[in-house]
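Just run09.cif here, mmCIF, C-alpha atoms:
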data_entry
#
loop_
_atom_site.label_atom_id
_atom_site.label_comp_id
_atom_site.auth_asym_id
_atom_site.auth_seq_id
_atom_site.Cartn_x
_atom_site.Cartn_y
_atom_site.Cartn_z
CA MET V 1 -3.78 -13.31 -12.71
CA ILE V 2 -3.71 -10.63 -10.03
CA ALA V 3 -3.44 -7.00 -11.11
CA VAL V 4 -4.12 -3.36 -10.36
CA THR V 5 -4.55 -1.40 -13.57
CA GLN V 6 -5.46 2.00 -15.00
CA ASP V 7 -6.91 0.31 -18.09
CA PRO V 8 -10.38 -1.11 -18.76
CA ILE V 9 -10.67 -4.68 -17.43
CA SER V 10 -10.78 -7.46 -20.03
CA ILE V 11 -13.20 -10.15 -18.90
CA ASP V 12 -12.23 -12.54 -21.72
CA GLU V 13 -8.63 -12.48 -20.58
CA LEU V 14 -9.70 -13.24 -17.00
CA ILE V 15 -11.88 -16.14 -18.09
CA SER V 16 -9.00 -17.62 -20.12
CA SER V 17 -6.69 -17.30 -17.12
CA VAL V 18 -8.82 -19.64 -14.97
CA SER V 19 -10.17 -22.00 -17.65
CA HIS V 20 -8.93 -25.59 -17.75
CA PRO V 21 -10.35 -28.95 -18.80
CA GLY V 22 -11.32 -29.90 -15.24
CA ALA V 23 -13.28 -26.71 -14.57
CA GLY V 24 -17.03 -27.28 -14.83
CA ALA V 25 -18.00 -23.85 -13.49
CA ILE V 26 -16.72 -20.31 -13.81
CA VAL V 27 -18.19 -17.56 -11.64
CA ILE V 28 -17.59 -13.93 -12.63
CA PHE V 29 -18.15 -11.07 -10.20
CA LEU V 30 -17.98 -7.52 -11.55
CA GLY V 31 -18.10 -4.42 -9.37
CA VAL V 32 -19.67 -1.61 -11.40
CA VAL V 33 -19.82 2.15 -10.74
CA ARG V 34 -23.36 3.07 -9.66
CA ASP V 35 -25.06 6.45 -10.19
CA ASN V 36 -26.21 6.87 -6.58
CA ASN V 37 -25.01 6.16 -3.05
CA GLU V 38 -26.83 6.79 0.24
CA GLY V 39 -29.06 9.40 -1.36
CA ARG V 40 -26.20 11.16 -3.17
CA LYS V 41 -26.23 11.51 -6.94
CA VAL V 42 -22.84 10.12 -7.97
CA ARG V 43 -21.03 11.81 -10.88
CA TYR V 44 -17.94 9.59 -10.98
CA LEU V 45 -15.43 7.78 -8.75
CA GLU V 46 -11.69 8.05 -8.33
CA TYR V 47 -9.87 4.95 -7.13
CA GLU V 48 -6.35 5.06 -5.74
CA SER V 49 -4.15 2.19 -4.53
CA TYR V 50 -0.86 1.49 -2.83
CA GLU V 51 -0.08 -0.75 -5.75
CA PRO V 52 2.55 -3.22 -4.46
CA ALA V 53 0.71 -3.65 -1.17
CA ALA V 54 -2.66 -3.97 -2.92
CA LYS V 55 -1.31 -6.66 -5.25
CA ALA V 56 0.31 -8.49 -2.33
CA SER V 57 -2.95 -8.34 -0.39
CA MET V 58 -4.98 -9.65 -3.35
CA GLN V 59 -2.40 -12.41 -3.89
CA LYS V 60 -2.67 -13.43 -0.25
CA ILE V 61 -6.48 -13.45 -0.34
CA CYS V 62 -6.56 -15.56 -3.53
CA GLY V 63 -3.94 -17.92 -2.07
CA PHE V 64 -6.07 -18.33 1.02
CA ALA V 65 -9.12 -19.12 -1.14
CA THR V 66 -7.31 -21.72 -3.26
CA ASP V 67 -6.11 -23.41 -0.05
CA LYS V 68 -9.62 -23.36 1.38
CA TRP V 69 -11.34 -24.62 -1.78
CA PRO V 70 -8.96 -27.05 -3.51
CA GLY V 71 -9.40 -27.20 -7.27
CA VAL V 72 -10.41 -23.54 -7.48
CA ARG V 73 -8.46 -21.11 -9.72
CA ILE V 74 -8.97 -17.40 -9.20
CA SER V 75 -8.05 -14.19 -10.99
CA ALA V 76 -8.74 -10.73 -9.61
CA VAL V 77 -8.16 -7.31 -11.16
CA HIS V 78 -8.90 -3.91 -9.66
CA ARG V 79 -9.02 -0.79 -11.79
CA VAL V 80 -7.83 2.57 -10.43
CA GLY V 81 -8.10 6.16 -11.66
CA LYS V 82 -11.24 7.99 -12.74
CA LEU V 83 -14.18 5.67 -13.36
CA ASN V 84 -17.50 6.72 -14.80
CA ILE V 85 -20.99 5.36 -14.16
CA GLY V 86 -21.21 1.84 -15.62
CA ASP V 87 -17.44 1.23 -15.66
CA ILE V 88 -16.16 -2.00 -14.15
CA SER V 89 -14.03 -1.20 -11.10
CA VAL V 90 -13.16 -4.72 -10.00
CA ALA V 91 -13.46 -8.24 -11.41
CA VAL V 92 -13.09 -11.58 -9.67
CA VAL V 93 -13.27 -14.75 -11.74
CA ALA V 94 -13.19 -18.19 -10.10
CA SER V 95 -13.21 -21.59 -11.76
CA ALA V 96 -13.84 -24.88 -10.01
CA PRO V 97 -14.90 -28.41 -10.83
CA HIS V 98 -18.40 -27.55 -9.49
CA ARG V 99 -20.33 -24.30 -9.06
CA GLN V 100 -20.60 -24.33 -5.25
CA GLU V 101 -16.87 -23.87 -4.74
CA ALA V 102 -16.64 -21.32 -7.56
CA PHE V 103 -19.40 -19.16 -6.01
CA ALA V 104 -17.97 -19.49 -2.49
CA ALA V 105 -14.43 -18.62 -3.54
CA ALA V 106 -15.47 -15.64 -5.69
CA ARG V 107 -17.61 -14.26 -2.87
CA PHE V 108 -14.86 -14.70 -0.31
CA VAL V 109 -12.30 -13.01 -2.55
CA ILE V 110 -14.37 -9.92 -3.41
CA ASP V 111 -15.51 -9.43 0.21
CA SER V 112 -11.92 -9.72 1.45
CA ILE V 113 -10.48 -7.36 -1.21
CA LYS V 114 -13.04 -4.70 -0.33
CA GLU V 115 -12.36 -5.10 3.37
CA GLU V 116 -8.58 -5.36 3.41
CA SER V 117 -6.72 -4.35 0.25
CA PRO V 118 -5.20 -0.84 0.33
CA ILE V 119 -7.43 0.63 -2.39
CA TRP V 120 -9.38 3.82 -1.74
CA LYS V 121 -12.47 5.20 -3.42
CA LYS V 122 -13.41 8.86 -3.65
CA GLU V 123 -16.98 9.56 -4.58
CA ILE V 124 -17.57 12.77 -6.49
CA PHE V 125 -21.26 13.53 -6.23
CA GLU V 126 -23.50 16.49 -7.05
CA GLY V 127 -22.60 18.99 -4.35
CA GLY V 128 -19.37 17.56 -3.02
CA GLU V 129 -16.91 14.72 -2.69
CA VAL V 130 -16.02 12.19 -0.01
CA TRP V 131 -13.57 9.36 0.61
CA ILE V 132 -15.63 6.25 1.25
CA GLY V 133 -14.74 4.87 4.70
CA ASP V 134 -13.83 8.29 6.09
CA PRO V 135 -14.94 8.59 9.73
CA SER V 136 -16.67 11.91 8.92
CA LEU V 137 -19.29 9.88 7.01
CA SER V 138 -20.48 7.89 10.02
CA MET U 1 23.02 5.09 7.06
CA ASN U 2 24.16 8.05 9.11
CA ILE U 3 22.20 8.66 12.30
CA ALA U 4 23.25 12.14 13.29
CA GLY U 5 21.96 14.01 16.30
CA GLY U 6 19.53 11.30 17.38
CA SER U 7 17.40 11.61 14.29
CA PHE U 8 17.11 9.95 10.88
CA GLU U 9 14.95 10.02 7.77
CA ILE U 10 12.25 7.69 6.62
CA LYS U 11 10.21 7.72 3.43
CA LEU U 12 6.56 8.49 4.05
CA LEU U 13 3.94 7.35 1.53
CA LEU U 14 0.64 9.22 1.54
CA PHE U 15 -2.65 8.11 0.02
CA ALA U 16 -6.22 9.37 -0.25
CA GLN U 17 -7.04 11.89 2.53
CA PHE U 18 -3.40 12.06 3.68
CA ARG U 19 -2.18 12.81 0.16
CA GLU U 20 -4.81 15.48 -0.37
CA VAL U 21 -4.39 17.27 2.97
CA ILE U 22 -0.58 17.17 2.97
CA GLY U 23 -0.39 17.82 -0.76
CA GLN U 24 2.27 15.23 -1.60
CA LYS U 25 2.35 11.54 -2.50
CA GLU U 26 5.60 10.89 -0.71
CA LEU U 27 8.15 12.77 1.30
CA LEU U 28 11.30 12.28 3.30
CA TYR U 29 10.41 12.72 6.93
CA LYS U 30 12.82 13.32 9.78
CA VAL U 31 12.12 11.32 12.93
CA THR U 32 13.90 10.86 16.25
CA ILE U 33 15.31 7.55 17.45
CA GLY U 34 12.53 5.50 19.03
CA SER U 35 9.88 6.89 16.69
CA THR U 36 6.97 4.63 15.76
CA PRO U 37 4.29 4.83 13.05
CA ALA U 38 1.86 6.08 15.70
CA SER U 39 4.24 8.84 16.80
CA VAL U 40 4.80 9.92 13.18
CA LEU U 41 1.03 10.10 12.64
CA ARG U 42 0.66 12.12 15.86
CA SER U 43 3.23 14.68 14.74
CA LEU U 44 1.60 14.96 11.29
CA ILE U 45 -1.73 15.60 12.98
CA GLU U 46 -0.15 18.38 15.05
CA GLU U 47 0.95 19.94 11.78
CA TYR U 48 -2.32 19.18 9.93
CA PRO U 49 -5.19 19.16 12.47
CA ASP U 50 -7.67 18.26 9.69
CA LEU U 51 -6.25 14.73 9.85
CA ALA U 52 -7.16 14.21 13.52
CA ARG U 53 -10.34 12.33 12.63
CA LEU U 54 -8.18 9.62 11.03
CA GLU U 55 -5.89 8.98 14.00
CA SER U 56 -7.79 6.04 15.49
CA VAL U 57 -8.61 4.37 12.16
CA THR U 58 -5.31 4.55 10.28
CA LYS U 59 -3.23 1.40 9.79
CA PHE U 60 0.47 1.24 9.02
CA ILE U 61 2.59 -0.57 6.44
CA VAL U 62 6.37 -0.52 6.80
CA ASN U 63 8.41 -1.85 3.89
CA GLU U 64 5.23 -3.41 2.45
CA GLU U 65 4.20 -5.32 5.61
CA PHE U 66 1.42 -4.33 8.01
CA VAL U 67 2.93 -3.40 11.39
CA PRO U 68 1.45 -2.31 14.74
CA GLY U 69 1.50 1.36 15.73
CA ASP U 70 4.31 0.79 18.22
CA TYR U 71 6.74 -0.74 15.66
CA LYS U 72 10.23 0.79 16.06
CA LEU U 73 11.20 2.62 12.88
CA SER U 74 14.72 2.32 11.44
CA PRO U 75 16.66 4.59 9.08
CA GLY U 76 15.57 4.12 5.48
CA ASP U 77 12.21 2.55 6.34
CA THR U 78 9.28 3.28 4.05
CA LEU U 79 6.15 4.01 6.10
CA ALA U 80 2.77 4.06 4.37
CA LEU U 81 -0.20 5.55 6.19
CA ILE U 82 -3.30 3.50 5.40
CA PRO U 83 -6.60 5.33 5.97
CA PRO U 84 -9.81 3.23 6.02
CA VAL U 85 -10.32 1.34 2.76
CA ALA U 86 -13.45 1.49 0.66
CA GLY U 87 -15.06 -1.49 2.44
CA GLY U 88 -18.71 -1.47 1.53
CA ARG U 89 -20.76 -4.62 1.68
CA ASP U 90 -24.07 -5.12 -0.05
CA ASP U 91 -25.63 -7.03 2.85
CA SER U 92 -24.96 -8.28 6.33
CA SER U 93 -23.66 -11.75 5.45
CA ASP U 94 -19.94 -12.23 5.71
CA SER U 95 -17.96 -14.90 3.92
CA ARG U 96 -14.61 -13.75 5.19
CA SER U 97 -12.34 -15.04 7.84
CA HIS U 98 -9.54 -12.88 9.08
CA ILE U 99 -6.33 -13.73 7.35
CA HIS U 100 -3.76 -11.47 8.82
#
Serialized structure, C-alpha coordinates:
Amino acid sequence: MIAVTQDPISIDELISSVSHPGAGAIVIFLGVVRDNNEGRKVRYLEYESYEPAAKASMQKICGFATDKWPGVRISAVHRVGKLNIGDISVAVVASAPHRQEAFAAARFVIDSIKEESPIWKKEIFEGGEVWIGDPSLS
Amino acid sequence: MNIAGGSFEIKLLLFAQFREVIGQKELLYKVTIGSTPASVLRSLIEEYPDLARLESVTKFIVNEEFVPGDYKLSPGDTLALIPPVAGGRDDSSDSRSHIH
(Lines of atoms letter the chains of each structure in order from A and count residues from 1; the text may use other names and numbers.)
(Lines give C-alpha, C1' and ligand atoms only; values in the text may rest on other atoms or scores of the structure.)
Protein backbone atom coordinates (compact mmCIF):
# COMPACT_ATOMS: atom_id res chain seq x y z
CA MET A 1 0.00 0.00 0.00
CA ILE A 2 1.34 3.40 -1.01
CA ALA A 3 -0.70 6.48 -0.11
CA VAL A 4 -0.77 10.18 0.65
CA THR A 5 -3.67 10.99 2.96
CA GLN A 6 -5.29 13.77 4.99
CA ASP A 7 -6.50 11.19 7.53
CA PRO A 8 -4.78 9.69 10.58
CA ILE A 9 -2.55 6.76 9.59
CA SER A 10 -3.78 3.29 10.57
CA ILE A 11 -0.82 1.16 11.62
CA ASP A 12 -2.90 -2.03 11.86
CA GLU A 13 -3.92 -1.68 8.24
CA LEU A 14 -0.29 -1.21 7.20
CA ILE A 15 0.83 -4.27 9.14
CA SER A 16 -1.90 -6.38 7.51
CA SER A 17 -0.83 -5.15 4.08
CA VAL A 18 2.69 -6.62 4.41
CA SER A 19 1.94 -9.70 6.55
CA HIS A 20 2.22 -13.15 4.98
CA PRO A 21 3.09 -16.64 6.19
CA GLY A 22 6.72 -16.37 5.05
CA ALA A 23 7.38 -13.09 6.87
CA GLY A 24 9.34 -13.65 10.09
CA ALA A 25 9.95 -9.95 10.77
CA ILE A 26 8.00 -6.73 10.40
CA VAL A 27 9.73 -3.40 10.98
CA ILE A 28 7.59 -0.29 11.54
CA PHE A 29 9.02 3.21 11.23
CA LEU A 30 6.84 6.13 12.34
CA GLY A 31 7.76 9.76 11.82
CA VAL A 32 6.18 11.80 14.62
CA VAL A 33 5.72 15.56 15.01
CA ARG A 34 8.19 16.85 17.60
CA ASP A 35 7.72 19.91 19.84
CA ASN A 36 11.09 21.50 19.04
CA ASN A 37 13.47 21.96 16.12
CA GLU A 38 16.87 23.65 16.08
CA GLY A 39 16.04 25.64 19.19
CA ARG A 40 12.58 26.67 17.97
CA LYS A 41 9.49 25.77 19.97
CA VAL A 42 7.25 24.06 17.41
CA ARG A 43 3.49 24.68 17.63
CA TYR A 44 2.41 22.49 14.71
CA LEU A 45 3.37 21.45 11.16
CA GLU A 46 1.63 21.77 7.83
CA TYR A 47 2.49 19.19 5.19
CA GLU A 48 1.70 19.68 1.52
CA SER A 49 2.31 17.32 -1.41
CA TYR A 50 2.12 17.15 -5.17
CA GLU A 51 0.01 14.07 -4.70
CA PRO A 52 0.34 12.09 -7.97
CA ALA A 53 4.07 12.80 -8.16
CA ALA A 54 4.55 11.99 -4.46
CA LYS A 55 2.74 8.66 -4.85
CA ALA A 56 4.73 7.85 -7.98
CA SER A 57 7.97 8.68 -6.19
CA MET A 58 7.06 6.52 -3.18
CA GLN A 59 6.04 3.69 -5.51
CA LYS A 60 9.38 3.91 -7.30
CA ILE A 61 11.34 3.94 -4.04
CA CYS A 62 9.45 0.91 -2.68
CA GLY A 63 9.88 -0.90 -6.01
CA PHE A 64 13.60 -0.24 -5.84
CA ALA A 65 13.72 -1.64 -2.29
CA THR A 66 11.81 -4.81 -3.15
CA ASP A 67 14.21 -5.40 -6.07
CA LYS A 68 17.20 -4.82 -3.82
CA TRP A 69 15.96 -7.00 -0.94
CA PRO A 70 14.00 -9.90 -2.47
CA GLY A 71 11.28 -11.26 -0.20
CA VAL A 72 10.61 -7.85 1.33
CA ARG A 73 7.10 -6.32 1.21
CA ILE A 74 6.72 -2.63 1.96
CA SER A 75 3.90 -0.19 2.60
CA ALA A 76 4.38 3.54 3.02
CA VAL A 77 1.86 6.26 3.87
CA HIS A 78 2.49 9.98 4.26
CA ARG A 79 -0.04 12.24 5.93
CA VAL A 80 -0.54 15.83 4.77
CA GLY A 81 -2.40 18.84 6.18
CA LYS A 82 -2.11 20.27 9.68
CA LEU A 83 -0.37 17.93 12.12
CA ASN A 84 -0.06 18.52 15.83
CA ILE A 85 2.70 17.51 18.24
CA GLY A 86 2.65 13.72 18.61
CA ASP A 87 0.79 13.05 15.35
CA ILE A 88 2.23 10.46 12.99
CA SER A 89 3.29 12.17 9.76
CA VAL A 90 4.71 9.18 7.90
CA ALA A 91 4.75 5.40 8.33
CA VAL A 92 6.89 2.80 6.60
CA VAL A 93 6.24 -0.87 7.30
CA ALA A 94 8.48 -3.59 5.87
CA SER A 95 8.13 -7.35 6.19
CA ALA A 96 10.80 -9.88 5.31
CA PRO A 97 11.72 -13.46 6.07
CA HIS A 98 14.40 -12.14 8.49
CA ARG A 99 14.85 -8.89 10.41
CA GLN A 100 18.04 -7.67 8.70
CA GLU A 101 16.33 -7.15 5.35
CA ALA A 102 13.23 -5.66 7.00
CA PHE A 103 15.33 -3.06 8.89
CA ALA A 104 17.46 -2.25 5.84
CA ALA A 105 14.49 -1.84 3.51
CA ALA A 106 12.49 0.30 5.95
CA ARG A 107 15.48 2.56 6.54
CA PHE A 108 16.19 2.92 2.84
CA VAL A 109 12.55 3.75 2.09
CA ILE A 110 12.09 6.42 4.76
CA ASP A 111 15.45 8.09 3.96
CA SER A 112 14.60 8.15 0.25
CA ILE A 113 11.05 9.48 0.75
CA LYS A 114 12.35 12.33 2.89
CA GLU A 115 15.05 13.14 0.37
CA GLU A 116 13.15 12.84 -2.89
CA SER A 117 9.35 12.73 -2.70
CA PRO A 118 7.61 16.05 -3.47
CA ILE A 119 6.20 16.60 0.03
CA TRP A 120 6.85 19.87 1.85
CA LYS A 121 6.77 20.69 5.54
CA LYS A 122 6.04 24.09 7.03
CA GLU A 123 7.01 24.52 10.63
CA ILE A 124 4.88 26.94 12.62
CA PHE A 125 6.83 27.82 15.72
CA GLU A 126 6.53 30.39 18.50
CA GLY A 127 7.50 33.62 16.76
CA GLY A 128 7.24 32.63 13.12
CA GLU A 129 7.00 30.01 10.43
CA VAL A 130 9.39 28.47 7.92
CA TRP A 131 9.38 25.95 5.08
CA ILE A 132 11.88 23.25 6.00
CA GLY A 133 14.55 23.05 3.28
CA ASP A 134 14.20 26.72 2.34
CA PRO A 135 17.60 28.21 1.47
CA SER A 136 16.93 31.11 3.88
CA LEU A 137 17.39 28.63 6.74
CA SER A 138 20.98 27.74 5.90
CA MET B 1 -3.74 23.31 -29.85
CA ASN B 2 -3.55 26.74 -31.39
CA ILE B 3 -0.14 28.39 -31.26
CA ALA B 4 -0.90 31.98 -32.10
CA GLY B 5 1.65 34.76 -32.24
CA GLY B 6 4.58 32.59 -31.16
CA SER B 7 3.17 31.93 -27.74
CA PHE B 8 1.08 29.25 -26.02
CA GLU B 9 -0.28 28.35 -22.60
CA ILE B 10 0.91 25.83 -20.09
CA LYS B 11 -0.56 24.85 -16.74
CA LEU B 12 1.66 25.85 -13.85
CA LEU B 13 1.37 24.01 -10.52
CA LEU B 14 2.60 25.85 -7.44
CA PHE B 15 3.46 24.37 -4.07
CA ALA B 16 4.78 25.54 -0.70
CA GLN B 17 6.72 28.84 -1.03
CA PHE B 18 5.65 29.30 -4.67
CA ARG B 19 1.98 28.85 -3.79
CA GLU B 20 2.20 31.25 -0.87
CA VAL B 21 4.13 34.02 -2.65
CA ILE B 22 2.13 33.85 -5.89
CA GLY B 23 -1.13 33.26 -4.05
CA GLN B 24 -2.48 30.48 -6.28
CA LYS B 25 -2.19 26.69 -6.47
CA GLU B 26 -2.31 26.60 -10.24
CA LEU B 27 -2.60 28.98 -13.12
CA LEU B 28 -2.54 29.10 -16.89
CA TYR B 29 0.70 30.72 -17.90
CA LYS B 30 1.52 32.17 -21.30
CA VAL B 31 4.98 31.31 -22.63
CA THR B 32 6.80 31.92 -25.89
CA ILE B 33 7.95 29.15 -28.22
CA GLY B 34 11.27 27.78 -26.99
CA SER B 35 10.43 28.38 -23.34
CA THR B 36 11.87 26.00 -20.76
CA PRO B 37 11.08 25.36 -17.08
CA ALA B 38 14.14 27.45 -16.18
CA SER B 39 12.96 30.38 -18.32
CA VAL B 40 9.47 30.20 -16.78
CA LEU B 41 10.99 30.27 -13.29
CA ARG B 42 13.18 33.24 -14.29
CA SER B 43 10.19 35.25 -15.49
CA LEU B 44 8.23 34.42 -12.31
CA ILE B 45 11.17 35.64 -10.25
CA GLU B 46 11.18 38.91 -12.21
CA GLU B 47 7.55 39.31 -11.23
CA TYR B 48 8.03 38.05 -7.64
CA PRO B 49 11.59 38.91 -6.51
CA ASP B 50 10.95 37.20 -3.14
CA LEU B 51 11.32 33.89 -4.98
CA ALA B 52 14.89 34.61 -6.16
CA ARG B 53 16.40 32.60 -3.31
CA LEU B 54 14.75 29.47 -4.75
CA GLU B 55 16.08 29.79 -8.29
CA SER B 56 19.11 27.53 -7.91
CA VAL B 57 17.37 24.88 -5.78
CA THR B 58 14.07 24.38 -7.59
CA LYS B 59 13.47 21.20 -9.60
CA PHE B 60 10.92 20.73 -12.36
CA ILE B 61 8.25 18.14 -13.13
CA VAL B 62 6.52 18.24 -16.50
CA ASN B 63 3.49 15.99 -16.97
CA GLU B 64 4.48 14.11 -13.78
CA GLU B 65 8.08 13.35 -14.82
CA PHE B 66 11.20 15.12 -13.53
CA VAL B 67 12.83 17.06 -16.38
CA PRO B 68 15.97 19.21 -16.67
CA GLY B 69 15.69 23.00 -16.63
CA ASP B 70 16.34 23.22 -20.37
CA TYR B 71 13.45 20.90 -21.36
CA LYS B 72 11.47 22.40 -24.28
CA LEU B 73 7.90 23.08 -23.19
CA SER B 74 4.96 22.27 -25.49
CA PRO B 75 1.40 23.60 -25.57
CA GLY B 76 -0.76 22.01 -22.89
CA ASP B 77 2.17 20.87 -20.73
CA THR B 78 1.69 20.87 -16.97
CA LEU B 79 4.78 22.29 -15.25
CA ALA B 80 5.19 21.84 -11.50
CA LEU B 81 7.80 23.90 -9.68
CA ILE B 82 9.40 21.77 -6.98
CA PRO B 83 11.10 23.74 -4.19
CA PRO B 84 13.45 21.84 -1.82
CA VAL B 85 11.65 19.00 -0.03
CA ALA B 86 11.60 18.52 3.71
CA GLY B 87 14.72 16.31 3.70
CA GLY B 88 15.93 16.11 7.25
CA ARG B 89 18.04 13.21 8.41
CA ASP B 90 18.57 12.24 12.01
CA ASP B 91 22.25 11.41 11.56
CA SER B 92 25.03 11.34 9.03
CA SER B 93 24.62 7.76 7.83
CA ASP B 94 22.98 7.31 4.48
CA SER B 95 21.27 4.16 3.28
CA ARG B 96 20.16 5.61 -0.02
CA SER B 97 21.44 5.20 -3.48
CA HIS B 98 20.32 7.60 -6.15
CA ILE B 99 17.48 6.17 -8.12
CA HIS B 100 16.64 8.73 -10.69
>> Need to verify the contact set: V:Gln59, 8 Å, all atoms listed in the file, exclusion of same-chain residues closer than 4 positions in sequence. Can you return it as a list in words?
In response: Ile2, Lys55 and Gly63 of chain V
>> Can you pull out the residues contacting stretch 71-86 of chain V? Cut-off 9 Å, using only C-alpha atoms, and skip same-chain residues under 6 positions away; I want them as a ChimeraX atom specification.
In response: /V:1-9,14-15,17-19,22-23,32-35,42-49,58-59,62-63,65,92-97,101-102,105-106,109-110,119-121
> Within 9 Å of chain U, which residues of chain V show up when using all atoms listed in the file, listed as number ranges by chain?
Replying inline: V: 47-50, 52-53, 56, 60-61, 64, 104, 107-109, 111-122, 131-136
> Could you state the separation of atom CA of V:Ala91 and atom CA of V:Glu51 in Å, given to one decimal place?
Replying inline: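 Those two atoms sit 16.3 Å apart.
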As AutoDock Vina command-line options, please report the centre and edge lengths, rounded to one decimal in Å, of the axis-aligned box that holds all listed atoms of stretch 23-30 of chain U with 8 Å of padding on each of the six sides.
--center_x 6.2 --center_y 14.4 --center_z 3.6 --size_x 29.2 --size_y 22.9 --size_z 28.3
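When the PyMOL selection byres ((chain U and resi 31) around 7) is evaluated against the file, it yields U:Ser7, U:Phe8, U:Glu9, U:Tyr29, U:Lys30, U:Thr32, U:Ile33, U:Ser35.
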